[in-house]
$ cat model_10.cif   # mmCIF, C-alpha atoms
data_upload
#
loop_
_atom_site.group_PDB
_atom_site.id
_atom_site.type_symbol
_atom_site.label_atom_id
_atom_site.label_comp_id
_atom_site.auth_asym_id
_atom_site.auth_seq_id
_atom_site.Cartn_x
_atom_site.Cartn_y
_atom_site.Cartn_z
ATOM 1 C CA MET A 1 0.000 0.000 0.000
ATOM 2 C CA LEU A 2 2.822 2.401 0.838
ATOM 3 C CA ARG A 3 4.428 1.863 -2.536
ATOM 4 C CA ARG A 4 1.086 2.243 -4.246
ATOM 5 C CA TRP A 5 0.831 5.622 -2.529
ATOM 6 C CA LYS A 6 4.291 6.505 -3.923
ATOM 7 C CA VAL A 7 6.023 6.255 -0.538
ATOM 8 C CA ASP A 8 9.704 5.329 -0.971
ATOM 9 C CA VAL A 9 10.175 2.177 1.144
ATOM 10 C CA VAL A 10 13.915 1.847 1.771
ATOM 11 C CA GLY A 11 13.779 -1.367 3.782
ATOM 12 C CA TYR A 12 11.893 -3.375 6.371
ATOM 13 C CA GLY A 13 12.174 -6.549 8.390
ATOM 14 C CA PRO A 14 12.921 -8.052 11.809
ATOM 15 C CA SER A 15 15.444 -6.556 14.195
ATOM 16 C CA LEU A 16 18.655 -8.529 14.630
ATOM 17 C CA HIS A 17 18.508 -8.157 18.430
ATOM 18 C CA ASP A 18 14.850 -9.003 19.135
ATOM 19 C CA ARG A 19 12.620 -11.392 17.179
ATOM 20 C CA ASP A 20 9.528 -9.411 18.271
ATOM 21 C CA SER A 21 10.833 -6.062 16.975
ATOM 22 C CA TYR A 22 10.597 -4.857 13.386
ATOM 23 C CA PHE A 23 11.695 -1.801 11.457
ATOM 24 C CA LEU A 24 10.319 0.162 8.519
ATOM 25 C CA MET A 25 12.549 2.682 6.714
ATOM 26 C CA ARG A 26 11.036 5.269 4.371
ATOM 27 C CA ALA A 27 12.696 8.123 2.493
ATOM 28 C CA PHE A 28 11.187 11.582 1.927
ATOM 29 C CA ASP A 29 12.463 14.705 0.221
ATOM 30 C CA GLY A 30 12.170 16.619 3.488
ATOM 31 C CA VAL A 31 10.362 16.893 6.808
ATOM 32 C CA GLY A 32 7.519 18.848 5.239
ATOM 33 C CA LYS A 33 7.098 16.312 2.440
ATOM 34 C CA ARG A 34 7.110 13.498 4.985
ATOM 35 C CA GLN A 35 4.237 15.095 6.870
ATOM 36 C CA GLN A 36 2.301 15.718 3.666
ATOM 37 C CA ASP A 37 2.745 12.151 2.357
ATOM 38 C CA GLU A 38 1.948 10.510 5.705
ATOM 39 C CA ASP A 39 -1.148 12.653 6.219
ATOM 40 C CA ALA A 40 -2.376 11.604 2.771
ATOM 41 C CA PHE A 41 -1.705 7.902 3.363
ATOM 42 C CA TYR A 42 -2.938 7.575 6.946
ATOM 43 C CA GLY A 43 -5.956 9.735 6.189
ATOM 44 C CA SER A 44 -7.003 7.628 3.211
ATOM 45 C CA GLU A 45 -10.066 5.386 3.214
ATOM 46 C CA GLU A 46 -7.910 2.545 1.878
ATOM 47 C CA TRP A 47 -5.909 2.599 5.121
ATOM 48 C CA ILE A 48 -8.661 3.516 7.594
ATOM 49 C CA LYS A 49 -11.228 1.061 6.247
ATOM 50 C CA GLY A 50 -8.611 -1.476 5.277
ATOM 51 C CA PRO A 51 -5.829 -3.023 7.422
ATOM 52 C CA ARG A 52 -5.471 -0.181 9.967
ATOM 53 C CA GLU A 53 -7.291 -1.845 12.852
ATOM 54 C CA ARG A 54 -5.603 -5.240 12.363
ATOM 55 C CA ILE A 55 -2.140 -3.760 12.060
ATOM 56 C CA LEU A 56 -2.435 -1.445 15.070
ATOM 57 C CA ALA A 57 -3.753 -4.338 17.173
ATOM 58 C CA GLY A 58 -0.494 -6.171 16.563
ATOM 59 C CA ILE A 59 1.753 -3.293 17.687
ATOM 60 C CA ASP A 60 2.649 -3.119 21.383
ATOM 61 C CA SER A 61 4.741 0.052 21.046
ATOM 62 C CA TYR A 62 6.622 1.972 18.390
ATOM 63 C CA THR A 63 9.211 4.710 18.033
ATOM 64 C CA THR A 64 9.603 7.110 15.117
ATOM 65 C CA ILE A 65 13.059 8.456 14.303
ATOM 66 C CA VAL A 66 13.640 11.080 11.590
ATOM 67 C CA ILE A 67 17.196 11.694 10.365
ATOM 68 C CA SER A 68 18.823 13.538 7.474
ATOM 69 C CA VAL A 69 21.229 11.543 5.291
ATOM 70 C CA ASP A 70 23.165 12.079 2.069
ATOM 71 C CA GLU A 71 22.652 9.991 -1.070
ATOM 72 C CA ALA A 72 25.571 7.658 -0.347
ATOM 73 C CA THR A 73 24.219 6.856 3.120
ATOM 74 C CA LEU A 74 20.724 6.357 1.723
ATOM 75 C CA ALA A 75 22.094 3.956 -0.876
ATOM 76 C CA GLY A 76 23.806 1.980 1.891
ATOM 77 C CA MET A 77 20.590 1.850 3.893
ATOM 78 C CA ARG A 78 18.770 0.559 0.824
ATOM 79 C CA ARG A 79 21.332 -2.235 0.510
ATOM 80 C CA ALA A 80 20.966 -3.114 4.198
ATOM 81 C CA GLY A 81 17.183 -3.026 4.017
ATOM 82 C CA GLY A 82 17.188 -4.951 0.753
ATOM 83 C CA GLY A 83 19.397 -7.592 2.339
ATOM 84 C CA THR A 84 16.894 -8.098 5.128
ATOM 85 C CA MET A 85 14.030 -8.287 2.687
ATOM 86 C CA GLY A 86 16.077 -10.643 0.548
ATOM 87 C CA VAL A 87 16.515 -13.074 3.444
ATOM 88 C CA ALA A 88 12.771 -13.163 4.055
ATOM 89 C CA LYS A 89 12.152 -13.706 0.337
ATOM 90 C CA ASP A 90 14.736 -16.512 0.164
ATOM 91 C CA VAL A 91 13.236 -18.301 3.173
ATOM 92 C CA GLU A 92 9.764 -18.010 1.647
ATOM 93 C CA GLU A 93 10.978 -19.354 -1.693
ATOM 94 C CA LEU A 94 12.937 -22.212 -0.116
ATOM 95 C CA THR A 95 9.966 -23.173 2.039
ATOM 96 C CA LYS A 96 7.847 -23.431 -1.111
ATOM 97 C CA LEU A 97 10.563 -25.391 -2.931
ATOM 98 C CA ASN A 98 10.819 -27.760 0.015
ATOM 99 C CA GLU A 99 7.079 -28.416 -0.201
ATOM 100 C CA ASP A 100 7.422 -28.961 -3.961
ATOM 101 C CA TYR A 101 10.224 -31.459 -3.323
ATOM 102 C CA VAL A 102 8.186 -33.466 -0.804
ATOM 103 C CA GLN A 103 5.061 -33.477 -2.961
ATOM 104 C CA SER A 104 7.104 -34.457 -6.015
ATOM 105 C CA VAL A 105 8.277 -37.535 -4.120
ATOM 106 C CA GLN A 106 4.674 -38.404 -3.254
ATOM 107 C CA ARG A 107 3.430 -37.876 -6.827
ATOM 108 C CA SER A 108 6.480 -39.348 -8.608
ATOM 109 C CA ASP A 109 6.734 -35.976 -10.360
ATOM 110 C CA VAL A 110 9.863 -36.373 -12.477
ATOM 111 C CA LYS A 111 9.059 -33.206 -14.462
ATOM 112 C CA ARG A 112 9.154 -31.001 -11.361
ATOM 113 C CA PHE A 113 12.338 -32.634 -10.128
ATOM 114 C CA ARG A 114 14.018 -31.901 -13.452
ATOM 115 C CA GLU A 115 13.246 -28.221 -12.783
ATOM 116 C CA ILE A 116 14.564 -28.017 -9.213
ATOM 117 C CA LEU A 117 17.500 -30.455 -9.121
ATOM 118 C CA ALA A 118 21.006 -29.238 -9.975
ATOM 119 C CA PRO A 119 22.938 -31.160 -12.666
ATOM 120 C CA ASP A 120 25.372 -32.402 -9.986
ATOM 121 C CA PHE A 121 22.637 -33.412 -7.527
ATOM 122 C CA LEU A 122 23.375 -36.391 -5.266
ATOM 123 C CA CYS A 123 21.033 -38.198 -2.875
ATOM 124 C CA SER A 124 21.936 -40.531 -0.005
ATOM 125 C CA MET A 125 19.098 -43.048 0.224
ATOM 126 C CA PRO A 126 17.808 -44.821 3.356
ATOM 127 C CA ASP A 127 19.431 -48.094 2.211
ATOM 128 C CA GLY A 128 22.862 -46.418 2.093
ATOM 129 C CA SER A 129 23.077 -46.062 -1.685
ATOM 130 C CA LEU A 130 24.142 -42.810 -3.343
ATOM 131 C CA LEU A 131 22.181 -41.753 -6.432
ATOM 132 C CA ASP A 132 23.194 -39.119 -8.941
ATOM 133 C CA ARG A 133 20.574 -36.930 -10.621
ATOM 134 C CA GLU A 134 19.612 -39.340 -13.414
ATOM 135 C CA ALA A 135 19.495 -42.347 -11.121
ATOM 136 C CA PHE A 136 17.344 -40.370 -8.685
ATOM 137 C CA LEU A 137 14.963 -39.375 -11.488
ATOM 138 C CA ASP A 138 14.692 -43.026 -12.572
ATOM 139 C CA TYR A 139 13.976 -43.996 -8.962
ATOM 140 C CA THR A 140 11.377 -41.218 -8.646
ATOM 141 C CA ALA A 141 9.551 -42.401 -11.771
ATOM 142 C CA ARG A 142 8.540 -45.610 -9.988
ATOM 143 C CA PRO A 143 5.105 -45.461 -8.312
ATOM 144 C CA VAL A 144 5.445 -44.894 -4.573
ATOM 145 C CA THR A 145 3.828 -47.261 -2.094
ATOM 146 C CA ILE A 146 3.540 -44.760 0.757
ATOM 147 C CA ARG A 147 0.806 -42.153 1.063
ATOM 148 C CA ASN A 148 0.111 -38.933 2.953
ATOM 149 C CA LEU A 149 3.790 -37.974 2.927
ATOM 150 C CA GLN A 150 4.230 -34.772 4.928
ATOM 151 C CA ALA A 151 7.116 -32.672 6.238
ATOM 152 C CA GLN A 152 7.098 -31.312 9.782
ATOM 153 C CA ASP A 153 9.435 -29.154 11.853
ATOM 154 C CA VAL A 154 10.936 -27.663 8.690
ATOM 155 C CA ASN A 155 14.067 -25.643 9.501
ATOM 156 C CA VAL A 156 15.571 -23.486 6.720
ATOM 157 C CA ARG A 157 19.123 -22.287 7.395
ATOM 158 C CA LEU A 158 20.555 -19.649 5.054
ATOM 159 C CA LEU A 159 24.340 -19.499 4.575
ATOM 160 C CA GLY A 160 24.748 -16.910 1.847
ATOM 161 C CA ASP A 161 24.106 -18.591 -1.489
ATOM 162 C CA VAL A 162 23.705 -21.981 0.190
ATOM 163 C CA ALA A 163 20.731 -23.160 2.252
ATOM 164 C CA ILE A 164 20.281 -26.263 4.390
ATOM 165 C CA VAL A 165 16.799 -27.615 5.049
ATOM 166 C CA HIS A 166 16.219 -30.023 7.929
ATOM 167 C CA ALA A 167 12.807 -31.645 8.439
ATOM 168 C CA ARG A 168 10.963 -34.600 9.872
ATOM 169 C CA THR A 169 8.655 -36.735 7.724
ATOM 170 C CA SER A 170 5.538 -38.746 8.382
ATOM 171 C CA TYR A 171 3.696 -41.093 6.025
ATOM 172 C CA VAL A 172 1.513 -44.186 5.877
ATOM 173 C CA THR A 173 2.763 -47.427 4.319
ATOM 174 C CA ALA A 174 0.770 -49.567 1.893
ATOM 175 C CA ASP A 175 -0.517 -51.768 4.706
ATOM 176 C CA GLY A 176 -1.649 -48.750 6.755
ATOM 177 C CA THR A 177 1.288 -48.655 9.166
ATOM 178 C CA PRO A 178 2.438 -45.170 10.203
ATOM 179 C CA GLY A 179 6.040 -44.389 9.299
ATOM 180 C CA GLY A 180 8.456 -41.517 9.538
ATOM 181 C CA GLY A 181 12.000 -40.319 9.158
ATOM 182 C CA ARG A 182 14.148 -37.268 8.589
ATOM 183 C CA TYR A 183 15.857 -35.593 5.671
ATOM 184 C CA THR A 184 18.471 -32.925 5.069
ATOM 185 C CA ASP A 185 18.496 -31.108 1.740
ATOM 186 C CA VAL A 186 21.143 -28.663 0.536
ATOM 187 C CA TRP A 187 20.190 -25.926 -1.925
ATOM 188 C CA ALA A 188 22.488 -23.571 -3.827
ATOM 189 C CA ARG A 189 21.691 -20.322 -5.589
ATOM 190 C CA ARG A 190 22.909 -20.606 -9.179
ATOM 191 C CA ASP A 191 22.303 -17.932 -11.793
ATOM 192 C CA GLY A 192 19.660 -16.412 -9.516
ATOM 193 C CA ARG A 193 17.775 -19.693 -8.934
ATOM 194 C CA TRP A 194 17.700 -22.023 -5.951
ATOM 195 C CA LEU A 195 18.514 -25.615 -6.979
ATOM 196 C CA ALA A 196 18.763 -28.733 -4.831
ATOM 197 C CA VAL A 197 22.352 -30.023 -4.887
ATOM 198 C CA SER A 198 22.142 -32.847 -2.359
ATOM 199 C CA ALA A 199 19.757 -34.760 -0.128
ATOM 200 C CA HIS A 200 20.107 -37.263 2.683
ATOM 201 C CA VAL A 201 17.071 -39.361 3.651
ATOM 202 C CA THR A 202 16.503 -41.618 6.649
ATOM 203 C CA ARG A 203 13.451 -43.725 7.529
ATOM 204 C CA ARG A 204 12.524 -45.787 10.518
#
$ encode --input "model_10.cif" --output "structure tokens"
Amino acid sequence: MLRRWKVDVVGYGPSLHDRDSYFLMRAFDGVGKRQQDEDAFYGSEEWIKGPRERILAGIDSYTTIVISVDEATLAGMRRAGGGTMGVAKDVEELTKLNEDYVQSVQRSDVKRFREILAPDFLCSMPDGSLLDREAFLDYTARPVTIRNLQAQDVNVRLLGDVAIVHARTSYVTADGTPGGGRYTDVWARRDGRWLAVSAHVTRR
């Protein structure tokens, strides 16, 4: 909404020191312009009749700080804010890719795996074998005997252009017996895309 109202959002995200604190940085041409733009936005029907009540209900306290900076400093703040936003975006994307991976196993979806697996992908299987990408795709093409495969306790760890996903699995075998296990997947950002480069699967 802020961007739709032509407010320059420099950055936003969680504080590094407190998981319950968040920041929002906006840039204005001056103090007078800030007042004018904020009066227009916060006085609009879109805000008042829209998310205002829900958003304010979630805020325990807030502090407003107004500072004057030069263009070089502003550019640095944009990079810092963009980095924070980038982390949130990466976690969101990797969470979705993780779900795609799990559902592709359940559906024997070779086509989707071809899209998200790196050429040098390797997978350690529960029986101790190590499959390269093509062998894994051949294995995936076989109809699965388990059903209701789900991932729980998904933990996405970002390490720059590498991400590690840890999760627990649950499923039901062909004879109706509950089963489970764990997996660890490693993803790498290549040419702007996250691709799975390795996986390790255990079952009990």
$ closest_atom_pairs --input "model_10.cif" --of "segment 38-156 of chain A" --to "segment 3-8 of chain A" --cutoff "10 Å" --atoms "all atoms listed in the file" --output "JSON lines"
{"residue": "A:Glu38", "atom": "CA", "partner": "A:Val7", "partner_atom": "CA", "distance": 8.6}
{"residue": "A:Ala40", "atom": "CA", "partner": "A:Trp5", "partner_atom": "CA", "distance": 8.6}
{"residue": "A:Phe41", "atom": "CA", "partner": "A:Trp5", "partner_atom": "CA", "distance": 6.8}
{"residue": "A:Ser44", "atom": "CA", "partner": "A:Trp5", "partner_atom": "CA", "distance": 9.9}
$ residues_around --input "model_10.cif" --residues "Val154 of chain A" --least-positions-apart "6" --cutoff "8 Å" --atoms "only C-alpha atoms" --output "NGL selection string"
:A and (165-168)
$ resolve_selection --input "model_10.cif" --expression "the PyMOL selection byres ((chain A and resi 181) around 6)" --output "JSON, numbers by chain"
{"A": [168, 169, 180, 182, 202, 203, 204]}
$ resolve_selection --input "model_10.cif" --expression "the PyMOL selection byres ((chain A and resi 141) around 12)" --output "PyMOL selection string"
chain A and resi 104-114+134-140+142-144
$ residues_around --input "model_10.cif" --residues "Ser68 of chain A" --least-positions-apart "6" --cutoff "12 Å" --atoms "all atoms listed in the file" --output "PyMOL selection string"
chain A and resi 26-31+34+74
$ write_last_selection --input "model_10.cif" --atoms "C-alpha atoms" --output "PDB file, in the coordinates of the input"
ATOM      1  CA  ARG A  26      11.036   5.269   4.371  1.00  0.00           C
ATOM      2  CA  ALA A  27      12.696   8.123   2.493  1.00  0.00           C
ATOM      3  CA  PHE A  28      11.187  11.582   1.927  1.00  0.00           C
ATOM      4  CA  ASP A  29      12.463  14.705   0.221  1.00  0.00           C
ATOM      5  CA  GLY A  30      12.170  16.619   3.488  1.00  0.00           C
ATOM      6  CA  VAL A  31      10.362  16.893   6.808  1.00  0.00           C
ATOM      7  CA  ARG A  34       7.110  13.498   4.985  1.00  0.00           C
ATOM      8  CA  LEU A  74      20.724   6.357   1.723  1.00  0.00           C
TER       9      LEU A  74
END
$ resolve_selection --input "model_10.cif" --expression "the PyMOL selection byres ((chain A and resi 188) around 9)" --output "ChimeraX atom specification"
/A:118,161-164,186-187,189-190,193-197
$ atom_distance --input "model_10.cif" --atom1 "atom CA of Asp37 of chain A" --atom2 "atom CA of Ser15 of chain A"
25.5 Å
$ closest_residue --input "model_10.cif" --among "A:Ala57, A:Leu2, A:Asp191, A:Leu24" --to "Tyr42 of chain A" --atoms "only C-alpha atoms"
A:Leu2
$ atom_distance --input "model_10.cif" --atom1 "atom CA of Ala174 of chain A" --atom2 "atom CA of Ala151 of chain A"
18.6 Å
$ closest_residue --input "model_10.cif" --among "A:Ser198, A:Gln150, A:Ser61, A:Thr95" --to "Met125 of chain A" --atoms "only C-alpha atoms"
A:Ser198
$ atom_distance --input "model_10.cif" --atom1 "atom CA of Val66 of chain A" --atom2 "atom CA of Pro51 of chain A"
24.4 Å
$ closest_residue --input "model_10.cif" --among "A:Leu149, A:Leu56, A:Val69, A:Ile48" --to "Tyr101 of chain A" --atoms "only C-alpha atoms"
A:Leu149
$ closest_residue --input "model_10.cif" --among "A:Thr63, A:Gln152, A:Ser21, A:Ser129" --to "Glu99 of chain A" --atoms "all atoms listed in the file"
A:Gln152
$ closest_residue --input "model_10.cif" --among "A:Leu16, A:Cys123, A:Val201, A:Ile116" --to "Thr184 of chain A" --atoms "all atoms listed in the file"
A:Val201
$ closest_residue --input "model_10.cif" --among "A:Pro14, A:Leu130, A:Leu94, A:Lys89" --to "Arg157 of chain A" --atoms "only C-alpha atoms"
A:Leu94
$ residues_around --input "model_10.cif" --residues "Val172 of chain A" --least-positions-apart "3" --cutoff "6 Å" --atoms "all atoms listed in the file" --output "compact mmCIF listing (two decimals) with C-alpha atoms, in the coordinates of the input"
# COMPACT_ATOMS: atom_id res chain seq x y z
CA ILE A 146 3.54 -44.76 0.76
CA ARG A 147 0.81 -42.15 1.06
CA GLY A 176 -1.65 -48.75 6.76
CA THR A 177 1.29 -48.66 9.17
CA PRO A 178 2.44 -45.17 10.20
CA GLY A 179 6.04 -44.39 9.30
$ build_atoms --input "model_10.cif" --residues "segment 19-38 of chain A" --atoms "N, CA and C atoms" --output "JSON list (two decimals), keeping the file's coordinate frame"
[["chain", "number", "residue", "atom", "x", "y", "z"],
["A", 19, "ARG", "N", 13.49, -10.77, 18.19],
["A", 19, "ARG", "CA", 12.62, -11.39, 17.18],
["A", 19, "ARG", "C", 11.22, -10.78, 17.16],
["A", 20, "ASP", "N", 10.85, -10.04, 18.22],
["A", 20, "ASP", "CA", 9.53, -9.41, 18.27],
["A", 20, "ASP", "C", 9.56, -7.95, 17.84],
["A", 21, "SER", "N", 10.71, -7.46, 17.41],
["A", 21, "SER", "CA", 10.83, -6.06, 16.98],
["A", 21, "SER", "C", 11.09, -6.00, 15.47],
["A", 22, "TYR", "N", 10.48, -5.02, 14.83],
["A", 22, "TYR", "CA", 10.60, -4.86, 13.39],
["A", 22, "TYR", "C", 10.86, -3.40, 13.04],
["A", 23, "PHE", "N", 11.44, -3.17, 11.88],
["A", 23, "PHE", "CA", 11.70, -1.80, 11.46],
["A", 23, "PHE", "C", 11.10, -1.55, 10.08],
["A", 24, "LEU", "N", 10.78, -0.29, 9.83],
["A", 24, "LEU", "CA", 10.32, 0.16, 8.52],
["A", 24, "LEU", "C", 11.04, 1.46, 8.21],
["A", 25, "MET", "N", 11.82, 1.48, 7.12],
["A", 25, "MET", "CA", 12.55, 2.68, 6.71],
["A", 25, "MET", "C", 11.90, 3.26, 5.46],
["A", 26, "ARG", "N", 11.61, 4.57, 5.52],
["A", 26, "ARG", "CA", 11.04, 5.27, 4.37],
["A", 26, "ARG", "C", 11.85, 6.53, 4.11],
["A", 27, "ALA", "N", 11.94, 6.93, 2.87],
["A", 27, "ALA", "CA", 12.70, 8.12, 2.49],
["A", 27, "ALA", "C", 11.74, 9.19, 1.96],
["A", 28, "PHE", "N", 11.98, 10.43, 2.38],
["A", 28, "PHE", "CA", 11.19, 11.58, 1.93],
["A", 28, "PHE", "C", 12.13, 12.70, 1.51],
["A", 29, "ASP", "N", 11.64, 13.59, 0.69],
["A", 29, "ASP", "CA", 12.46, 14.70, 0.22],
["A", 29, "ASP", "C", 12.73, 15.73, 1.31],
["A", 30, "GLY", "N", 11.97, 15.69, 2.38],
["A", 30, "GLY", "CA", 12.17, 16.62, 3.49],
["A", 30, "GLY", "C", 11.13, 16.37, 4.56],
["A", 31, "VAL", "N", 11.29, 17.08, 5.69],
["A", 31, "VAL", "CA", 10.36, 16.89, 6.81],
["A", 31, "VAL", "C", 8.94, 17.30, 6.42],
["A", 32, "GLY", "N", 8.84, 18.40, 5.67],
["A", 32, "GLY", "CA", 7.52, 18.85, 5.24],
["A", 32, "GLY", "C", 6.85, 17.85, 4.30],
["A", 33, "LYS", "N", 7.64, 17.30, 3.38],
["A", 33, "LYS", "CA", 7.10, 16.31, 2.44],
["A", 33, "LYS", "C", 6.70, 15.04, 3.19],
["A", 34, "ARG", "N", 7.47, 14.68, 4.18],
["A", 34, "ARG", "CA", 7.11, 13.50, 4.99],
["A", 34, "ARG", "C", 5.74, 13.69, 5.61],
["A", 35, "GLN", "N", 5.52, 14.84, 6.23],
["A", 35, "GLN", "CA", 4.24, 15.10, 6.87],
["A", 35, "GLN", "C", 3.09, 15.06, 5.87],
["A", 36, "GLN", "N", 3.32, 15.67, 4.72],
["A", 36, "GLN", "CA", 2.30, 15.72, 3.67],
["A", 36, "GLN", "C", 1.95, 14.31, 3.17],
["A", 37, "ASP", "N", 2.98, 13.50, 2.88],
["A", 37, "ASP", "CA", 2.74, 12.15, 2.36],
["A", 37, "ASP", "C", 2.09, 11.24, 3.39],
["A", 38, "GLU", "N", 2.52, 11.36, 4.67],
["A", 38, "GLU", "CA", 1.95, 10.51, 5.70],
["A", 38, "GLU", "C", 0.51, 10.91, 6.01]]
